Amino acid sequence: MFGRWLGNRSSRVQRTSPLAAVTTPPSAGVLSCRVLDSVNDPVPHAEFTVSDAMGRKVVGGETDPYGSFVTTVPAGQYRLAVSAEGFTPYRAGATVAEDTLSSLGDVMLQVARPPQLPPAGDWEVEPTHSSIGFTARHIGLARIHGRFNSFAGAVRISEPVEQSAMHVVMDAASIDTNVRMRDDHLRSADFLDVERFPTLEFYSDRFVHRGGNRWAVTGALSLHGVTRTVTLDMEYLGLGNGMEGEVRAACRATTELHRDDFTVSWQTMLARGIAVVGPSIRVELDVQIVRKG
């Protein structure tokens with residue numbers, strides 16, 4: 001008899017929802033959802049945003065490793081938006097009541113159609129609608145943001161696209177962090193040494209499709225008289241037409257450079273042993289290319 005009682009008690013405990021232990025503030029409720037792909041596998045790290053009836057963001061975040069999220073919000077009407085790389089965004093309405101779990105159940109994301117690739121031919125970087133920026137750590141605390149104001153580039157799109165090629169040239173003296181004294185120091189022999197090395201150049205070796213609109217562009221970067229292989233993590237944004245009907249394509253790309261790899265090894269330290277400039281630099285590119293002819 002005791003065995004049956006203990007077994008039944010164990011079953012009752014297992015059937016109790018973990019949410020039973022969640023205390024909600026007065027006039028609040030709980031909203032939950034599980035995000036799945038087209039074969040019913042969970043989608044971890046999908047981004048979700050819960051907005052109120054006025055369109056103002058109330059809460060946001062990412063799904064857990066099981067594709068789920070649970071959040072506490074004031075009772076009311078909400079709009080839920082869920083997005084994940086390679087999927088079509090999902091939107092739905094939800095009503096949350098006081099001291100109640102409002103579950104949207106399983107949300108199925110549909111695979112998004114990749115944007116149309118640019119046609120084969122010669123293209124050039126359009127500087128007016130492009131930017132090459134970077135971020136570096138300063139004294140282990142704040143981030144310093146900068147950019148190169150003068151650059152040019154050409155892209156030859158091939159068929160297949162994986163055989164395309166790209167060449168970008170940046171004017172080293174055009175570095176700009178919005179502080180003249182700092183920019184003069186960056187141009188000096190301590191850093192870029194622009195008198196000896198007036199340009200930075202990138203030649204691509206290969207384009208690799210990583211799925212959806214993600215690509216990896218690997219090539220050789222020449223900086224400060226040293227050439228190293230780097231890989232750009234690129235997000236292709238698709239095609240469009242400019243004001244005069246010209247065909248344009250756009251992308252975003254990021255990479256991380258290490259100063260020592262390019263012998264930019266200025267290591268002045270603060271009294272507590274922290275480098276004035278961090279060892280790595282994050283590079284971010286927003287690029288539009290225009291089809292020639």
# chains A, B, ... in the order shown; residues from 1 in each chain; ligands from 1
call {"tool": "closest_atom_pairs", "arguments": {"of": "region 5-105 of chain A", "to": "region 113-122 of chain A", "cutoff": "10 Å", "atoms": "only C-alpha atoms", "output": "JSON lines"}}
result
{"residue": "A:Gly86", "atom": "CA", "partner": "A:Pro114", "partner_atom": "CA", "distance": 7.7}
{"residue": "A:Phe87", "atom": "CA", "partner": "A:Arg113", "partner_atom": "CA", "distance": 8.1}
{"residue": "A:Thr88", "atom": "CA", "partner": "A:Arg113", "partner_atom": "CA", "distance": 8.1}
call {"tool": "residues_around", "arguments": {"residues": "His129 (chain A)", "least_positions_apart": "5", "cutoff": "9 Å", "atoms": "only C-alpha atoms", "output": "VMD selection string"}}
result
chain A and resid 286 to 289
call {"tool": "residues_around", "arguments": {"residues": "Leu237 (chain A)", "least_positions_apart": "3", "cutoff": "9 Å", "atoms": "only C-alpha atoms", "output": "PyMOL selection string"}}
result
chain A and resi 115+213+249-252
call {"tool": "residues_around", "arguments": {"residues": "region 77-82 of chain A", "least_positions_apart": "3", "cutoff": "6 Å", "atoms": "only C-alpha atoms", "output": "PyMOL selection string"}}
result
chain A and resi 47-53+89-95
call {"tool": "write_last_selection", "arguments": {"atoms": "N, CA and C atoms", "output": "PDB file, in the first residue's frame"}}
result
ATOM      1  N   GLU A  47      14.928  35.371 -31.918  1.00  0.00           N
ATOM      2  CA  GLU A  47      14.666  36.638 -31.241  1.00  0.00           C
ATOM      3  C   GLU A  47      13.161  36.886 -31.157  1.00  0.00           C
ATOM      4  N   PHE A  48      12.708  37.280 -29.979  1.00  0.00           N
ATOM      5  CA  PHE A  48      11.290  37.607 -29.821  1.00  0.00           C
ATOM      6  C   PHE A  48      11.148  39.003 -29.220  1.00  0.00           C
ATOM      7  N   THR A  49      10.074  39.675 -29.607  1.00  0.00           N
ATOM      8  CA  THR A  49       9.752  40.991 -29.073  1.00  0.00           C
ATOM      9  C   THR A  49       8.268  41.018 -28.752  1.00  0.00           C
ATOM     10  N   VAL A  50       7.938  41.445 -27.539  1.00  0.00           N
ATOM     11  CA  VAL A  50       6.550  41.620 -27.119  1.00  0.00           C
ATOM     12  C   VAL A  50       6.276  43.118 -27.032  1.00  0.00           C
ATOM     13  N   SER A  51       5.299  43.584 -27.808  1.00  0.00           N
ATOM     14  CA  SER A  51       4.955  45.012 -27.852  1.00  0.00           C
ATOM     15  C   SER A  51       3.537  45.209 -27.364  1.00  0.00           C
ATOM     16  N   ASP A  52       3.265  46.394 -26.815  1.00  0.00           N
ATOM     17  CA  ASP A  52       1.909  46.676 -26.335  1.00  0.00           C
ATOM     18  C   ASP A  52       1.032  47.144 -27.492  1.00  0.00           C
ATOM     19  N   ALA A  53      -0.213  47.507 -27.181  1.00  0.00           N
ATOM     20  CA  ALA A  53      -1.175  47.888 -28.208  1.00  0.00           C
ATOM     21  C   ALA A  53      -0.753  49.141 -28.955  1.00  0.00           C
ATOM     22  N   PRO A  89       9.730  35.941 -40.676  1.00  0.00           N
ATOM     23  CA  PRO A  89       9.278  36.401 -39.356  1.00  0.00           C
ATOM     24  C   PRO A  89       7.834  36.006 -39.077  1.00  0.00           C
ATOM     25  N   TYR A  90       7.555  35.766 -37.800  1.00  0.00           N
ATOM     26  CA  TYR A  90       6.215  35.373 -37.353  1.00  0.00           C
ATOM     27  C   TYR A  90       5.650  36.465 -36.454  1.00  0.00           C
ATOM     28  N   ARG A  91       4.371  36.785 -36.635  1.00  0.00           N
ATOM     29  CA  ARG A  91       3.709  37.798 -35.810  1.00  0.00           C
ATOM     30  C   ARG A  91       2.338  37.291 -35.400  1.00  0.00           C
ATOM     31  N   ALA A  92       1.965  37.604 -34.170  1.00  0.00           N
ATOM     32  CA  ALA A  92       0.661  37.166 -33.662  1.00  0.00           C
ATOM     33  C   ALA A  92       0.233  38.077 -32.525  1.00  0.00           C
ATOM     34  N   GLY A  93      -1.055  38.069 -32.238  1.00  0.00           N
ATOM     35  CA  GLY A  93      -1.587  38.797 -31.097  1.00  0.00           C
ATOM     36  C   GLY A  93      -1.756  37.869 -29.909  1.00  0.00           C
ATOM     37  N   ALA A  94      -1.758  38.436 -28.713  1.00  0.00           N
ATOM     38  CA  ALA A  94      -1.917  37.635 -27.496  1.00  0.00           C
ATOM     39  C   ALA A  94      -2.623  38.472 -26.436  1.00  0.00           C
ATOM     40  N   THR A  95      -3.484  37.804 -25.679  1.00  0.00           N
ATOM     41  CA  THR A  95      -4.157  38.427 -24.549  1.00  0.00           C
ATOM     42  C   THR A  95      -3.646  37.780 -23.269  1.00  0.00           C
TER      43      THR A  95
END
call {"tool": "residues_around", "arguments": {"residues": "Ala220 (chain A)", "least_positions_apart": "2", "cutoff": "8 Å", "atoms": "only C-alpha atoms", "output": "VMD selection string"}}
result
chain A and resid 202 to 205 218 222 227 to 230
call {"tool": "atom_distance", "arguments": {"atom1": "CA of Thr199 (chain A)", "atom2": "CA of Val247 (chain A)"}}
result
28.9 Å
call {"tool": "residues_around", "arguments": {"residues": "Leu104 (chain A)", "least_positions_apart": "3", "cutoff": "9 Å", "atoms": "only C-alpha atoms", "output": "list in words"}}
result
Leu31, Ser32, Cys33, Arg34, Ala92, Ala94 and Val107 of chain A
call {"tool": "write_last_selection", "arguments": {"atoms": "N, CA and C atoms", "output": "short mmCIF file (atom, residue, chain, number, x, y, z; two decimals), in the first residue's frame"}}
result
data_model
loop_
_atom_site.label_atom_id
_atom_site.label_comp_id
_atom_site.auth_asym_id
_atom_site.auth_seq_id
_atom_site.Cartn_x
_atom_site.Cartn_y
_atom_site.Cartn_z
N LEU A 31 3.28 35.02 -20.26
CA LEU A 31 3.14 34.72 -21.68
C LEU A 31 4.24 33.75 -22.08
N SER A 32 3.88 32.71 -22.81
CA SER A 32 4.88 31.72 -23.21
C SER A 32 4.64 31.26 -24.63
N CYS A 33 5.68 30.62 -25.19
CA CYS A 33 5.62 30.16 -26.57
C CYS A 33 6.78 29.21 -26.80
N ARG A 34 6.60 28.26 -27.73
CA ARG A 34 7.70 27.42 -28.17
C ARG A 34 7.84 27.56 -29.68
N ALA A 92 1.96 37.60 -34.17
CA ALA A 92 0.66 37.17 -33.66
C ALA A 92 0.23 38.08 -32.53
N ALA A 94 -1.76 38.44 -28.71
CA ALA A 94 -1.92 37.64 -27.50
C ALA A 94 -2.62 38.47 -26.44
N VAL A 107 4.79 27.53 -32.16
CA VAL A 107 4.80 28.43 -33.32
C VAL A 107 5.74 27.84 -34.36
#
call {"tool": "select_by_dssp", "arguments": {"residues": "region 148-188 of chain A", "states": "strand (DSSP E or B)", "output": "MDAnalysis selection string"}}
result
chainID A and resid 148 151:157 165:171 175:176
call {"tool": "residues_around", "arguments": {"residues": "region 130-135 of chain A", "least_positions_apart": "5", "cutoff": "8 Å", "atoms": "only C-alpha atoms", "output": "short mmCIF file (atom, residue, chain, number, x, y, z; two decimals) with all heavy atoms, in the first residue's frame"}}
result
data_model
loop_
_atom_site.label_atom_id
_atom_site.label_comp_id
_atom_site.auth_asym_id
_atom_site.auth_seq_id
_atom_site.Cartn_x
_atom_site.Cartn_y
_atom_site.Cartn_z
N VAL A 125 31.97 49.39 -55.74
CA VAL A 125 31.48 49.87 -54.45
C VAL A 125 31.08 51.33 -54.58
O VAL A 125 31.81 52.14 -55.17
CB VAL A 125 32.56 49.70 -53.37
CG1 VAL A 125 32.12 50.33 -52.05
CG2 VAL A 125 32.90 48.23 -53.17
N ARG A 143 34.66 51.64 -25.60
CA ARG A 143 34.97 51.30 -26.98
C ARG A 143 35.11 52.58 -27.80
O ARG A 143 34.31 53.49 -27.68
CB ARG A 143 33.85 50.42 -27.58
CG ARG A 143 33.82 49.01 -27.00
CD ARG A 143 32.74 48.18 -27.68
NE ARG A 143 32.81 46.80 -27.28
CZ ARG A 143 32.19 46.28 -26.22
NH1 ARG A 143 31.44 47.08 -25.46
NH2 ARG A 143 32.30 45.01 -25.91
N ILE A 144 36.13 52.61 -28.61
CA ILE A 144 36.36 53.72 -29.52
C ILE A 144 35.88 53.31 -30.91
O ILE A 144 36.25 52.25 -31.42
CB ILE A 144 37.86 54.09 -29.58
CG1 ILE A 144 38.37 54.47 -28.19
CG2 ILE A 144 38.08 55.22 -30.58
CD1 ILE A 144 37.65 55.64 -27.57
N HIS A 145 35.04 54.15 -31.51
CA HIS A 145 34.50 53.85 -32.83
C HIS A 145 35.17 54.76 -33.87
O HIS A 145 35.38 55.95 -33.63
CB HIS A 145 32.99 54.08 -32.86
CG HIS A 145 32.25 53.23 -31.87
ND1 HIS A 145 31.84 51.94 -32.16
CD2 HIS A 145 31.85 53.47 -30.59
CE1 HIS A 145 31.22 51.42 -31.11
NE2 HIS A 145 31.23 52.34 -30.14
N GLY A 146 35.51 54.18 -35.00
CA GLY A 146 36.13 54.96 -36.06
C GLY A 146 35.72 54.43 -37.42
O GLY A 146 34.96 53.47 -37.55
N ARG A 147 36.27 55.06 -38.47
CA ARG A 147 35.93 54.68 -39.84
C ARG A 147 37.04 55.16 -40.77
O ARG A 147 37.89 55.97 -40.39
CB ARG A 147 34.60 55.30 -40.25
CG ARG A 147 34.60 56.82 -40.24
CD ARG A 147 33.20 57.38 -40.49
NE ARG A 147 33.20 58.84 -40.50
CZ ARG A 147 33.09 59.60 -39.42
NH1 ARG A 147 32.98 59.02 -38.22
NH2 ARG A 147 33.10 60.91 -39.50
N PHE A 148 37.00 54.65 -41.98
CA PHE A 148 37.85 55.15 -43.05
C PHE A 148 36.95 55.92 -44.01
O PHE A 148 35.98 55.38 -44.55
CB PHE A 148 38.57 54.01 -43.77
CG PHE A 148 39.64 53.36 -42.94
CD1 PHE A 148 39.37 52.24 -42.18
CD2 PHE A 148 40.92 53.90 -42.90
CE1 PHE A 148 40.35 51.65 -41.40
CE2 PHE A 148 41.91 53.32 -42.13
CZ PHE A 148 41.63 52.19 -41.37
N ASN A 149 37.29 57.20 -44.20
CA ASN A 149 36.42 58.05 -45.01
C ASN A 149 36.65 57.92 -46.50
O ASN A 149 35.79 58.32 -47.30
CB ASN A 149 36.61 59.52 -44.60
CG ASN A 149 36.04 59.80 -43.22
OD1 ASN A 149 35.04 59.20 -42.81
ND2 ASN A 149 36.69 60.70 -42.48
N ILE A 281 40.57 44.30 -32.90
CA ILE A 281 39.75 45.36 -33.50
C ILE A 281 38.64 44.71 -34.30
O ILE A 281 38.90 43.84 -35.15
CB ILE A 281 40.60 46.27 -34.41
CG1 ILE A 281 41.71 46.94 -33.60
CG2 ILE A 281 39.73 47.31 -35.11
CD1 ILE A 281 42.72 47.68 -34.45
N ARG A 282 37.42 45.11 -34.03
CA ARG A 282 36.27 44.60 -34.78
C ARG A 282 36.00 45.54 -35.95
O ARG A 282 35.88 46.75 -35.79
CB ARG A 282 35.04 44.51 -33.88
CG ARG A 282 33.78 44.01 -34.60
CD ARG A 282 32.62 43.86 -33.65
NE ARG A 282 31.39 43.51 -34.32
CZ ARG A 282 31.04 42.28 -34.66
NH1 ARG A 282 31.87 41.27 -34.39
NH2 ARG A 282 29.89 42.03 -35.27
N VAL A 283 35.90 44.95 -37.14
CA VAL A 283 35.65 45.72 -38.37
C VAL A 283 34.24 45.43 -38.85
O VAL A 283 33.80 44.27 -38.89
CB VAL A 283 36.67 45.35 -39.46
CG1 VAL A 283 36.40 46.15 -40.73
CG2 VAL A 283 38.09 45.58 -38.97
N GLU A 284 33.51 46.49 -39.20
CA GLU A 284 32.14 46.36 -39.68
C GLU A 284 31.99 47.11 -40.99
O GLU A 284 32.36 48.28 -41.10
CB GLU A 284 31.16 46.91 -38.64
CG GLU A 284 31.23 46.18 -37.30
CD GLU A 284 30.28 46.75 -36.26
OE1 GLU A 284 29.77 47.86 -36.49
OE2 GLU A 284 30.05 46.07 -35.26
N LEU A 285 31.42 46.44 -41.98
CA LEU A 285 31.23 47.02 -43.30
C LEU A 285 29.75 47.01 -43.67
O LEU A 285 29.07 46.00 -43.48
CB LEU A 285 32.01 46.25 -44.37
CG LEU A 285 33.52 46.13 -44.20
CD1 LEU A 285 33.87 44.87 -43.43
CD2 LEU A 285 34.21 46.12 -45.56
N ASP A 286 29.27 48.14 -44.16
CA ASP A 286 27.96 48.25 -44.80
C ASP A 286 28.23 48.70 -46.22
O ASP A 286 28.75 49.80 -46.44
CB ASP A 286 27.07 49.25 -44.07
CG ASP A 286 26.42 48.64 -42.85
OD1 ASP A 286 25.40 47.94 -43.02
OD2 ASP A 286 26.93 48.87 -41.74
N VAL A 287 27.91 47.86 -47.19
CA VAL A 287 28.35 48.11 -48.55
C VAL A 287 27.20 48.02 -49.53
O VAL A 287 26.37 47.10 -49.47
CB VAL A 287 29.45 47.09 -48.95
CG1 VAL A 287 29.84 47.26 -50.41
CG2 VAL A 287 30.67 47.23 -48.05
N GLN A 288 27.14 49.00 -50.44
CA GLN A 288 26.30 48.92 -51.62
C GLN A 288 27.20 48.89 -52.84
O GLN A 288 28.16 49.65 -52.93
CB GLN A 288 25.36 50.13 -51.72
CG GLN A 288 24.14 50.04 -50.83
CD GLN A 288 23.08 51.08 -51.19
OE1 GLN A 288 22.97 51.49 -52.35
NE2 GLN A 288 22.31 51.49 -50.20
#
call {"tool": "decode", "arguments": {"residues": "region 50-65 of chain A", "atoms": "N, CA and C atoms", "output": "PDB file, in the first residue's frame"}}
result
ATOM      1  N   VAL A  50       7.938  41.445 -27.539  1.00  0.00           N
ATOM      2  CA  VAL A  50       6.550  41.620 -27.119  1.00  0.00           C
ATOM      3  C   VAL A  50       6.276  43.118 -27.032  1.00  0.00           C
ATOM      4  N   SER A  51       5.299  43.584 -27.808  1.00  0.00           N
ATOM      5  CA  SER A  51       4.955  45.012 -27.852  1.00  0.00           C
ATOM      6  C   SER A  51       3.537  45.209 -27.364  1.00  0.00           C
ATOM      7  N   ASP A  52       3.265  46.394 -26.815  1.00  0.00           N
ATOM      8  CA  ASP A  52       1.909  46.676 -26.335  1.00  0.00           C
ATOM      9  C   ASP A  52       1.032  47.144 -27.492  1.00  0.00           C
ATOM     10  N   ALA A  53      -0.213  47.507 -27.181  1.00  0.00           N
ATOM     11  CA  ALA A  53      -1.175  47.888 -28.208  1.00  0.00           C
ATOM     12  C   ALA A  53      -0.753  49.141 -28.955  1.00  0.00           C
ATOM     13  N   MET A  54       0.138  49.956 -28.371  1.00  0.00           N
ATOM     14  CA  MET A  54       0.629  51.176 -29.017  1.00  0.00           C
ATOM     15  C   MET A  54       1.897  50.929 -29.839  1.00  0.00           C
ATOM     16  N   GLY A  55       2.345  49.663 -29.884  1.00  0.00           N
ATOM     17  CA  GLY A  55       3.539  49.333 -30.640  1.00  0.00           C
ATOM     18  C   GLY A  55       4.833  49.539 -29.891  1.00  0.00           C
ATOM     19  N   ARG A  56       4.764  49.839 -28.588  1.00  0.00           N
ATOM     20  CA  ARG A  56       5.967  50.050 -27.789  1.00  0.00           C
ATOM     21  C   ARG A  56       6.492  48.712 -27.270  1.00  0.00           C
ATOM     22  N   LYS A  57       7.804  48.540 -27.363  1.00  0.00           N
ATOM     23  CA  LYS A  57       8.417  47.302 -26.894  1.00  0.00           C
ATOM     24  C   LYS A  57       8.281  47.181 -25.383  1.00  0.00           C
ATOM     25  N   VAL A  58       7.787  46.042 -24.935  1.00  0.00           N
ATOM     26  CA  VAL A  58       7.638  45.772 -23.508  1.00  0.00           C
ATOM     27  C   VAL A  58       8.775  44.885 -23.013  1.00  0.00           C
ATOM     28  N   VAL A  59       9.081  43.842 -23.784  1.00  0.00           N
ATOM     29  CA  VAL A  59      10.145  42.930 -23.393  1.00  0.00           C
ATOM     30  C   VAL A  59      10.636  42.228 -24.653  1.00  0.00           C
ATOM     31  N   GLY A  60      11.876  41.797 -24.625  1.00  0.00           N
ATOM     32  CA  GLY A  60      12.442  41.065 -25.754  1.00  0.00           C
ATOM     33  C   GLY A  60      13.577  40.180 -25.293  1.00  0.00           C
ATOM     34  N   GLY A  61      13.995  39.272 -26.157  1.00  0.00           N
ATOM     35  CA  GLY A  61      15.083  38.373 -25.805  1.00  0.00           C
ATOM     36  C   GLY A  61      15.219  37.263 -26.820  1.00  0.00           C
ATOM     37  N   GLU A  62      15.775  36.131 -26.389  1.00  0.00           N
ATOM     38  CA  GLU A  62      15.978  34.985 -27.260  1.00  0.00           C
ATOM     39  C   GLU A  62      15.348  33.743 -26.644  1.00  0.00           C
ATOM     40  N   THR A  63      14.951  32.802 -27.500  1.00  0.00           N
ATOM     41  CA  THR A  63      14.437  31.536 -27.014  1.00  0.00           C
ATOM     42  C   THR A  63      15.576  30.719 -26.406  1.00  0.00           C
ATOM     43  N   ASP A  64      15.217  29.814 -25.505  1.00  0.00           N
ATOM     44  CA  ASP A  64      16.209  28.976 -24.832  1.00  0.00           C
ATOM     45  C   ASP A  64      16.624  27.815 -25.744  1.00  0.00           C
ATOM     46  N   PRO A  65      17.505  26.900 -25.285  1.00  0.00           N
ATOM     47  CA  PRO A  65      17.948  25.789 -26.151  1.00  0.00           C
ATOM     48  C   PRO A  65      16.823  24.884 -26.634  1.00  0.00           C
TER      49      PRO A  65
END
